[in-house]
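See below for protein.pdb, which holds PDB, C-alpha atoms.
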```
ATOM      1  CA  VAL A   1       0.000   0.000   0.000
ATOM      2  CA  ALA A   2       1.149   3.533  -0.800
ATOM      3  CA  ALA A   3      -0.557   6.451   0.948
ATOM      4  CA  ILE A   4      -0.074   9.817  -0.761
ATOM      5  CA  THR A   5      -0.668  13.129   0.999
ATOM      6  CA  PHE A   6       0.010  16.723  -0.032
ATOM      7  CA  THR A   7       2.366  17.920   2.702
ATOM      8  CA  ASP A   8       5.127  16.415   4.812
ATOM      9  CA  LYS A   9       3.150  17.381   7.924
ATOM     10  CA  ALA A  10       0.082  15.482   6.723
ATOM     11  CA  GLY A  11       2.289  12.504   5.916
ATOM     12  CA  ALA A  12       3.729  12.496   9.436
ATOM     13  CA  GLU A  13       0.232  12.696  10.932
ATOM     14  CA  LEU A  14      -0.963   9.783   8.791
ATOM     15  CA  ARG A  15       2.074   7.739   9.787
ATOM     16  CA  ASN A  16       1.334   8.390  13.463
ATOM     17  CA  ARG A  17      -2.284   7.316  12.957
ATOM     18  CA  PHE A  18      -1.152   4.007  11.478
ATOM     19  CA  ARG A  19       1.195   3.529  14.411
ATOM     20  CA  LYS A  20      -1.568   4.271  16.935
ATOM     21  CA  VAL A  21      -4.012   1.851  15.279
ATOM     22  CA  PHE A  22      -1.412  -0.919  15.373
ATOM     23  CA  THR A  23      -0.453  -0.133  18.985
ATOM     24  CA  ASP A  24      -4.074  -0.078  20.181
ATOM     25  CA  THR A  25      -4.787  -3.352  18.375
ATOM     26  CA  GLN A  26      -1.676  -5.012  19.783
ATOM     27  CA  ASP A  27      -2.942  -4.607  23.353
ATOM     28  CA  THR A  28      -5.898  -6.939  22.748
ATOM     29  CA  ALA A  29      -4.312  -9.327  20.222
ATOM     30  CA  ASP A  30      -3.241 -12.893  20.936
ATOM     31  CA  GLU A  31       0.457 -13.740  21.063
ATOM     32  CA  GLU A  32       0.811 -14.661  17.384
ATOM     33  CA  ASP A  33      -1.026 -11.594  16.102
ATOM     34  CA  ALA A  34       0.785  -9.334  18.577
ATOM     35  CA  ALA A  35       4.131 -10.444  17.182
ATOM     36  CA  LEU A  36       2.944  -9.694  13.640
ATOM     37  CA  ILE A  37       1.577  -6.284  14.687
ATOM     38  CA  SER A  38       4.881  -5.495  16.382
ATOM     39  CA  GLU A  39       6.643  -6.109  13.054
ATOM     40  CA  TYR A  40       4.174  -3.781  11.318
ATOM     41  CA  ILE A  41       4.834  -1.050  13.878
ATOM     42  CA  HIS A  42       8.558  -1.222  13.138
ATOM     43  CA  GLN A  43       7.814  -0.971   9.406
ATOM     44  CA  VAL A  44       5.665   2.154   9.654
ATOM     45  CA  ASP A  45       8.615   4.546   9.463
ATOM     46  CA  SER A  46       9.851   2.986   6.218
ATOM     47  CA  ALA A  47       6.406   2.591   4.649
ATOM     48  CA  ALA A  48       5.390   4.476   1.490
ATOM     49  CA  ILE A  49       3.476   7.168   3.359
ATOM     50  CA  GLY A  50       4.086  10.779   2.344
ATOM     51  CA  THR A  51       3.918  13.273  -0.512
ATOM     52  CA  ILE A  52       3.867  12.338  -4.193
ATOM     53  CA  HIS A  53       7.387  13.755  -4.454
ATOM     54  CA  SER A  54       8.665  11.451  -1.714
ATOM     55  CA  PHE A  55       6.944   8.494  -3.381
ATOM     56  CA  CYS A  56       8.569   9.346  -6.709
ATOM     57  CA  LYS A  57      11.953   9.687  -5.024
ATOM     58  CA  ARG A  58      11.498   6.224  -3.521
ATOM     59  CA  ILE A  59      10.874   4.716  -6.968
ATOM     60  CA  LEU A  60      13.779   6.596  -8.587
ATOM     61  CA  THR A  61      16.117   5.579  -5.759
ATOM     62  CA  ASP A  62      15.134   1.914  -6.099
ATOM     63  CA  TYR A  63      15.529   1.996  -9.892
ATOM     64  CA  SER A  64      18.040   4.792 -10.439
ATOM     65  CA  ILE A  65      20.012   2.924 -13.121
ATOM     66  CA  ALA A  66      16.887   2.308 -15.188
ATOM     67  CA  ALA A  67      15.989   5.992 -14.736
ATOM     68  CA  ASN A  68      19.435   7.025 -16.042
ATOM     69  CA  LEU A  69      20.261   8.676 -12.737
ATOM     70  CA  PRO A  70      23.547   8.297 -10.863
ATOM     71  CA  VAL A  71      23.274   6.119  -7.753
ATOM     72  CA  GLY A  72      22.971   8.427  -4.757
ATOM     73  CA  PHE A  73      21.555  11.331  -6.794
ATOM     74  CA  ALA A  74      20.697  14.481  -4.842
ATOM     75  CA  VAL A  75      17.460  16.463  -4.853
ATOM     76  CA  SER A  76      17.413  20.176  -4.132
ATOM     77  CA  SER A  77      15.112  21.238  -1.319
ATOM     78  CA  GLU A  78      11.644  22.525  -2.086
ATOM     79  CA  ASP A  79      12.666  25.871  -0.562
ATOM     80  CA  ALA A  80      15.511  26.195  -3.070
ATOM     81  CA  GLY A  81      13.132  25.692  -6.000
ATOM     82  CA  PRO A  82      12.088  29.335  -6.584
ATOM     83  CA  SER A  83      15.697  30.565  -6.566
ATOM     84  CA  LEU A  84      16.837  27.846  -8.956
ATOM     85  CA  LYS A  85      13.880  28.578 -11.215
ATOM     86  CA  ARG A  86      14.677  32.308 -11.394
ATOM     87  CA  GLU A  87      18.264  31.572 -12.372
ATOM     88  CA  ARG A  88      17.153  29.031 -14.990
ATOM     89  CA  ILE A  89      14.579  31.394 -16.504
ATOM     90  CA  LYS A  90      17.225  34.097 -16.820
ATOM     91  CA  ARG A  91      19.668  31.721 -18.549
ATOM     92  CA  VAL A  92      17.060  30.251 -20.889
ATOM     93  CA  THR A  93      15.590  33.631 -21.817
ATOM     94  CA  GLU A  94      18.993  35.074 -22.678
ATOM     95  CA  GLY A  95      20.019  31.956 -24.574
ATOM     96  CA  ALA A  96      16.784  31.743 -26.582
ATOM     97  CA  TRP A  97      16.989  35.448 -27.448
ATOM     98  CA  GLU A  98      20.644  35.280 -28.487
ATOM     99  CA  ALA A  99      19.862  32.321 -30.763
ATOM    100  CA  LEU A 100      17.433  34.451 -32.807
ATOM    101  CA  SER A 101      18.592  35.969 -36.072
ATOM    102  CA  LYS A 102      18.992  39.734 -36.284
ATOM    103  CA  GLU A 103      15.892  39.820 -38.484
ATOM    104  CA  ASP A 104      13.794  37.931 -35.927
ATOM    105  CA  GLU A 105      15.052  40.125 -33.101
ATOM    106  CA  ALA A 106      14.224  43.270 -35.091
ATOM    107  CA  ALA A 107      10.734  41.966 -35.906
ATOM    108  CA  LEU A 108      10.017  41.446 -32.216
ATOM    109  CA  ARG A 109      11.379  44.826 -31.171
ATOM    110  CA  GLU A 110       9.295  46.562 -33.865
ATOM    111  CA  ASN A 111       6.232  45.104 -32.184
ATOM    112  CA  GLU A 112       7.418  46.218 -28.722
ATOM    113  CA  ILE A 113       8.344  42.688 -27.666
ATOM    114  CA  SER A 114      11.492  42.908 -25.586
ATOM    115  CA  ILE A 115      13.635  40.272 -23.929
ATOM    116  CA  ARG A 116      12.121  41.342 -20.614
ATOM    117  CA  LYS A 117       8.619  40.474 -21.836
ATOM    118  CA  MET A 118       9.906  37.163 -23.150
ATOM    119  CA  ARG A 119      11.183  36.321 -19.680
ATOM    120  CA  ASP A 120       7.560  36.174 -18.495
ATOM    121  CA  LEU A 121       6.809  33.784 -21.353
ATOM    122  CA  VAL A 122       9.724  31.541 -20.372
ATOM    123  CA  ASP A 123       8.385  31.529 -16.814
ATOM    124  CA  GLU A 124       5.118  30.110 -18.173
ATOM    125  CA  LEU A 125       6.944  27.607 -20.378
ATOM    126  CA  ASP A 126       9.010  26.399 -17.436
ATOM    127  CA  GLY A 127       5.870  25.753 -15.412
ATOM    128  CA  LYS A 128       4.304  23.764 -18.231
ATOM    129  CA  TYR A 129       7.483  22.114 -19.482
ATOM    130  CA  ALA A 130       6.331  18.625 -18.550
ATOM    131  CA  ARG A 131       3.588  18.862 -21.160
ATOM    132  CA  LEU A 132       5.541  20.871 -23.724
ATOM    133  CA  ALA A 133       8.801  18.916 -23.915
ATOM    134  CA  SER A 134       7.617  16.672 -26.735
ATOM    135  CA  VAL A 135       5.514  19.258 -28.582
ATOM    136  CA  GLY A 136       6.627  20.339 -32.040
ATOM    137  CA  ILE A 137       5.845  23.748 -33.509
ATOM    138  CA  ASP A 138       4.061  23.969 -36.862
ATOM    139  CA  PHE A 139       5.124  27.107 -38.741
ATOM    140  CA  SER A 140       2.886  26.445 -41.762
ATOM    141  CA  GLU A 141      -0.008  28.622 -40.586
ATOM    142  CA  ILE A 142       2.099  31.484 -39.218
ATOM    143  CA  ASN A 143       2.418  34.415 -41.592
ATOM    144  CA  LEU A 144       3.564  37.571 -39.803
ATOM    145  CA  ASP A 145       7.304  38.033 -39.297
ATOM    146  CA  TRP A 146       6.987  38.843 -35.603
ATOM    147  CA  GLU A 147       4.815  35.758 -35.003
ATOM    148  CA  ILE A 148       7.374  33.537 -36.714
ATOM    149  CA  ALA A 149      10.097  35.140 -34.588
ATOM    150  CA  ALA A 150       8.093  34.600 -31.415
ATOM    151  CA  TYR A 151       7.525  30.940 -32.230
ATOM    152  CA  ARG A 152      11.214  30.501 -32.968
ATOM    153  CA  PHE A 153      11.959  31.978 -29.560
ATOM    154  CA  VAL A 154       9.563  29.492 -27.940
ATOM    155  CA  GLU A 155      11.190  26.618 -29.832
ATOM    156  CA  ASN A 156      14.635  27.789 -28.677
ATOM    157  CA  ALA A 157      13.445  28.121 -25.087
ATOM    158  CA  ILE A 158      11.899  24.631 -24.958
ATOM    159  CA  GLY A 159      15.119  23.190 -26.355
ATOM    160  CA  LEU A 160      17.180  24.959 -23.694
ATOM    161  CA  LEU A 161      14.825  23.842 -20.907
ATOM    162  CA  LYS A 162      15.234  20.264 -22.104
ATOM    163  CA  LYS A 163      19.025  20.671 -22.220
ATOM    164  CA  GLU A 164      19.071  21.999 -18.656
ATOM    165  CA  GLN A 165      17.038  19.064 -17.407
ATOM    166  CA  ILE A 166      19.340  16.570 -19.144
ATOM    167  CA  GLU A 167      22.329  18.266 -17.509
ATOM    168  CA  ARG A 168      20.691  18.000 -14.078
ATOM    169  CA  ARG A 169      20.017  14.314 -14.658
ATOM    170  CA  ASN A 170      23.566  13.609 -15.803
ATOM    171  CA  LYS A 171      25.064  15.468 -12.831
ATOM    172  CA  GLY A 172      22.783  13.645 -10.404
ATOM    173  CA  SER A 173      21.627  16.948  -8.950
ATOM    174  CA  ILE A 174      17.952  17.269  -9.783
ATOM    175  CA  GLU A 175      15.203  19.652  -8.762
ATOM    176  CA  PHE A 176      12.062  18.946  -6.810
ATOM    177  CA  ASP A 177       9.664  18.746  -9.770
ATOM    178  CA  ASP A 178      12.107  16.618 -11.776
ATOM    179  CA  LEU A 179      11.053  13.805  -9.443
ATOM    180  CA  LEU A 180       7.587  13.770 -10.998
ATOM    181  CA  MET A 181       8.738  13.923 -14.607
ATOM    182  CA  PHE A 182      11.516  11.348 -14.274
ATOM    183  CA  THR A 183       9.201   8.903 -12.498
ATOM    184  CA  ARG A 184       6.487   9.395 -15.105
ATOM    185  CA  ASP A 185       8.963   8.802 -17.928
ATOM    186  CA  LEU A 186      10.411   5.737 -16.211
ATOM    187  CA  LEU A 187       7.045   4.055 -15.651
ATOM    188  CA  ARG A 188       5.809   5.033 -19.117
ATOM    189  CA  ASP A 189       8.855   3.795 -21.012
ATOM    190  CA  GLU A 190       9.731   0.635 -19.038
ATOM    191  CA  PRO A 191       6.752  -1.779 -19.095
ATOM    192  CA  ASP A 192       8.531  -4.539 -17.131
ATOM    193  CA  LEU A 193       9.516  -2.129 -14.406
ATOM    194  CA  ARG A 194       6.021  -0.629 -14.423
ATOM    195  CA  SER A 195       4.598  -4.101 -13.784
ATOM    196  CA  LEU A 196       7.094  -4.629 -10.953
ATOM    197  CA  VAL A 197       6.149  -1.364  -9.247
ATOM    198  CA  SER A 198       2.459  -2.152  -9.759
ATOM    199  CA  SER A 199       2.879  -5.535  -8.081
ATOM    200  CA  THR A 200       4.742  -3.911  -5.178
ATOM    201  CA  TYR A 201       2.035  -1.314  -4.535
ATOM    202  CA  LYS A 202      -1.257  -3.079  -5.117
ATOM    203  CA  LEU A 203      -3.273  -0.278  -3.530
ATOM    204  CA  MET A 204      -2.681   3.468  -3.668
ATOM    205  CA  VAL A 205      -4.592   5.836  -1.413
ATOM    206  CA  VAL A 206      -4.478   9.497  -2.513
ATOM    207  CA  ASP A 207      -5.713  12.265  -0.224
ATOM    208  CA  GLU A 208      -7.510  15.175  -1.984
ATOM    209  CA  PHE A 209      -7.230  13.446  -5.379
ATOM    210  CA  GLN A 210      -9.151  16.246  -7.099
ATOM    211  CA  ASP A 211      -6.185  18.574  -6.501
ATOM    212  CA  THR A 212      -3.566  16.348  -8.101
ATOM    213  CA  ASP A 213      -1.248  17.641 -10.830
ATOM    214  CA  PRO A 214      -1.924  16.334 -14.384
ATOM    215  CA  ILE A 215       1.477  14.585 -14.316
TER     216      ILE A 215
END
```
Now, as a test, write the supplied structure out as structure tokens.
Amino acid sequence: VAAITFTDKAGAELRNRFRKVFTDTQDTADEEDAALISEYIHQVDSAAIGTIHSFCKRILTDYSIAANLPVGFAVSSEDAGPSLKRERIKRVTEGAWEALSKEDEAALRENEISIRKMRDLVDELDGKYARLASVGIDFSEINLDWEIAAYRFVENAIGLLKKEQIERRNKGSIEFDDLLMFTRDLLRDEPDLRSLVSSTYKLMVVDEFQDTDPI
């Protein structure tokens, strides 16, 4: 069984509830059942109870080689996420802009589209990268020069976001939301491993399922 909650605090509370149920039951159990319950109590701390990110980290840790991650990979703290994202957006925006031709850059500037405005666009792209990474851009129905330039910028930015994620994976220093994407990709692309994980966790309980991320 895997029990998924939305915060570390809620996970700790749920873990304590499991422990209390087992402890209360142990007091009235016969000797054989009491011994089994005692084993369960010791297993509570290592059980798959926690946030979706912690569950994904568990899977990636168990199957890091299959996930193309170095053994012992590190995950940046959730608190560090906003700072890392700001730095990444700055790098990607500048890189995507510099990759434009002079003609494309001029077309954007003529329509009052500056690199600063494009930074807001990259912020949006970064937040939706999980669903954009495999999307191709069709230029066939785009006619205006500035629109073509804008789409080229988007294409450049998505490519740079993908490059940054690959670099994080190769270095074994990944970010918090990489846990979701890497686990999704692993279970999607490795059917044998997906079956193994499915057989390990026969039941998944998700708190507040209506608020889950599309990934």
- Starting from the shown file, work through the PyMOL selection byres ((chain A and resi 180) around 8) and note down what comes out as a list in words.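 Selected by the PyMOL selection byres ((chain A and resi 180) around 8) here: Ile52, His53, Cys56, Asp177, Asp178, Leu179, Met181, Phe182, Thr183, Arg184 and Ile215 of chain A.
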- Task: Just the residues within 12 Å of Arg116 of chain A, please, counting only C-alpha atoms, with nothing from its chain fewer than 3 positions along; format it as a list in words.
- Result: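 In the requested form, the answer reads Ile89, Lys90, Thr93, Glu94, Trp97, Leu108, Arg109, Glu112, Ile113, Arg119, Asp120, Leu121, Val122 and Asp123 of chain A.
Here the PyMOL selection byres ((chain A and resi 8) around 10) captures the residues Thr5, Phe6, Thr7, Lys9, Ala10, Gly11, Ala12, Glu13, Leu14, Ile49, Gly50, Thr51, Ile52, His53 and Ser54 of chain A.
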- For each of A:Leu186, A:Val1, A:Ala47, A:Ala150, take the minimum atom-to-atom distance to Lys117 of chain A, counting all atoms listed in the file, then give the residue where this is smallest.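 Looking only at the distances to Lys117 of chain A, the closest residue turns out to be A:Ala150.
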Sorted by chain and rising residue number, which residues of segment 24-123 of chain A lie within 8 Å of segment 140-147 of chain A, and what are their closest atom pairs and distances in Å to one decimal, counting only C-alpha atoms, as a tab-separated table?
```
residue	atom	partner	partner_atom	distance
A:Asp104	CA	A:Trp146	CA	6.9
A:Ala107	CA	A:Trp146	CA	4.9
A:Leu108	CA	A:Trp146	CA	5.2
A:Asn111	CA	A:Trp146	CA	7.2
```
- Item | atom CA of Val75 of chain A to atom CA of Asp189 of chain A, straight-line distance in Å |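 Between these atoms lies a distance of 22.3 Å.
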Give me the result of the PyMOL selection byres ((chain A and resi 84) around 12) on this file, residue by residue, as a PDB file with C-alpha atoms, in the frame of the given file.
```pdb
ATOM      1  CA  SER A  76      17.413  20.176  -4.132  1.00  0.00           C
ATOM      2  CA  SER A  77      15.112  21.238  -1.319  1.00  0.00           C
ATOM      3  CA  GLU A  78      11.644  22.525  -2.086  1.00  0.00           C
ATOM      4  CA  ASP A  79      12.666  25.871  -0.562  1.00  0.00           C
ATOM      5  CA  ALA A  80      15.511  26.195  -3.070  1.00  0.00           C
ATOM      6  CA  GLY A  81      13.132  25.692  -6.000  1.00  0.00           C
ATOM      7  CA  PRO A  82      12.088  29.335  -6.584  1.00  0.00           C
ATOM      8  CA  SER A  83      15.697  30.565  -6.566  1.00  0.00           C
ATOM      9  CA  LYS A  85      13.880  28.578 -11.215  1.00  0.00           C
ATOM     10  CA  ARG A  86      14.677  32.308 -11.394  1.00  0.00           C
ATOM     11  CA  GLU A  87      18.264  31.572 -12.372  1.00  0.00           C
ATOM     12  CA  ARG A  88      17.153  29.031 -14.990  1.00  0.00           C
ATOM     13  CA  ILE A  89      14.579  31.394 -16.504  1.00  0.00           C
ATOM     14  CA  LYS A  90      17.225  34.097 -16.820  1.00  0.00           C
ATOM     15  CA  ARG A  91      19.668  31.721 -18.549  1.00  0.00           C
ATOM     16  CA  ASP A 126       9.010  26.399 -17.436  1.00  0.00           C
ATOM     17  CA  GLU A 164      19.071  21.999 -18.656  1.00  0.00           C
ATOM     18  CA  ARG A 168      20.691  18.000 -14.078  1.00  0.00           C
ATOM     19  CA  SER A 173      21.627  16.948  -8.950  1.00  0.00           C
ATOM     20  CA  ILE A 174      17.952  17.269  -9.783  1.00  0.00           C
ATOM     21  CA  GLU A 175      15.203  19.652  -8.762  1.00  0.00           C
ATOM     22  CA  PHE A 176      12.062  18.946  -6.810  1.00  0.00           C
ATOM     23  CA  ASP A 177       9.664  18.746  -9.770  1.00  0.00           C
TER      24      ASP A 177
END
```
Centre and edges of the segment 192-209 of chain A box, axis-aligned, 3 Å extra per side, as JSON:
```
{"center_x": 1.0, "center_y": 4.8, "center_z": -8.7, "size_x": 23.0, "size_y": 26.7, "size_z": 22.9}
```
- Task: Could you please determine the separation between atom CA of Ala96 of chain A and atom CA of Leu161 of chain A in Å, to one decimal place?
- Result: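 Atom CA of Ala96 of chain A sits 9.9 Å away from atom CA of Leu161 of chain A.
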- Task: Counting all atoms listed in the file, figure out which residue out of A:Asp45, A:Ile158, A:Gly72, A:Gln26 gets nearest to Lys171 of chain A.
- Result: A:Gly72
- Using all atoms listed in the file, pick whichever of A:Val21, A:Ile148, A:Ala3, A:Ile65 has the shortest atom-to-atom distance to Asn170 of chain A.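 Of all the options, A:Ile65 lies closest to Asn170 of chain A.
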- Task: Would you work out the distance separating atom CA of Glu124 of chain A from atom CA of Ile59 of chain A, expressed in Å to one decimal?
- Result: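 So the answer is 28.3 Å.
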- Which residue gives the smallest distance to Arg188 of chain A among A:Thr200, A:Ala149, A:Phe73, A:Ala67, with all atoms listed in the file counted?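 Answer, going by the shortest atom-to-atom distance: A:Ala67.
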- Ala66 of chain A proximity check over A:Lys102, A:Ser199, A:Glu208, A:Asp185, using all atoms listed in the file: winner is A:Asp185
- Non-local contacts of Val44 of chain A (9 Å; only C-alpha atoms; under 6 positions in same chain excluded) as a ChimeraX atom specification: /A:15-16,18-19
Selection export as a PDB file, in the frame of the given file, atoms kept: C-alpha atoms:
```
ATOM      1  CA  ARG A  15       2.074   7.739   9.787  1.00  0.00           C
ATOM      2  CA  ASN A  16       1.334   8.390  13.463  1.00  0.00           C
ATOM      3  CA  PHE A  18      -1.152   4.007  11.478  1.00  0.00           C
ATOM      4  CA  ARG A  19       1.195   3.529  14.411  1.00  0.00           C
TER       5      ARG A  19
END
```
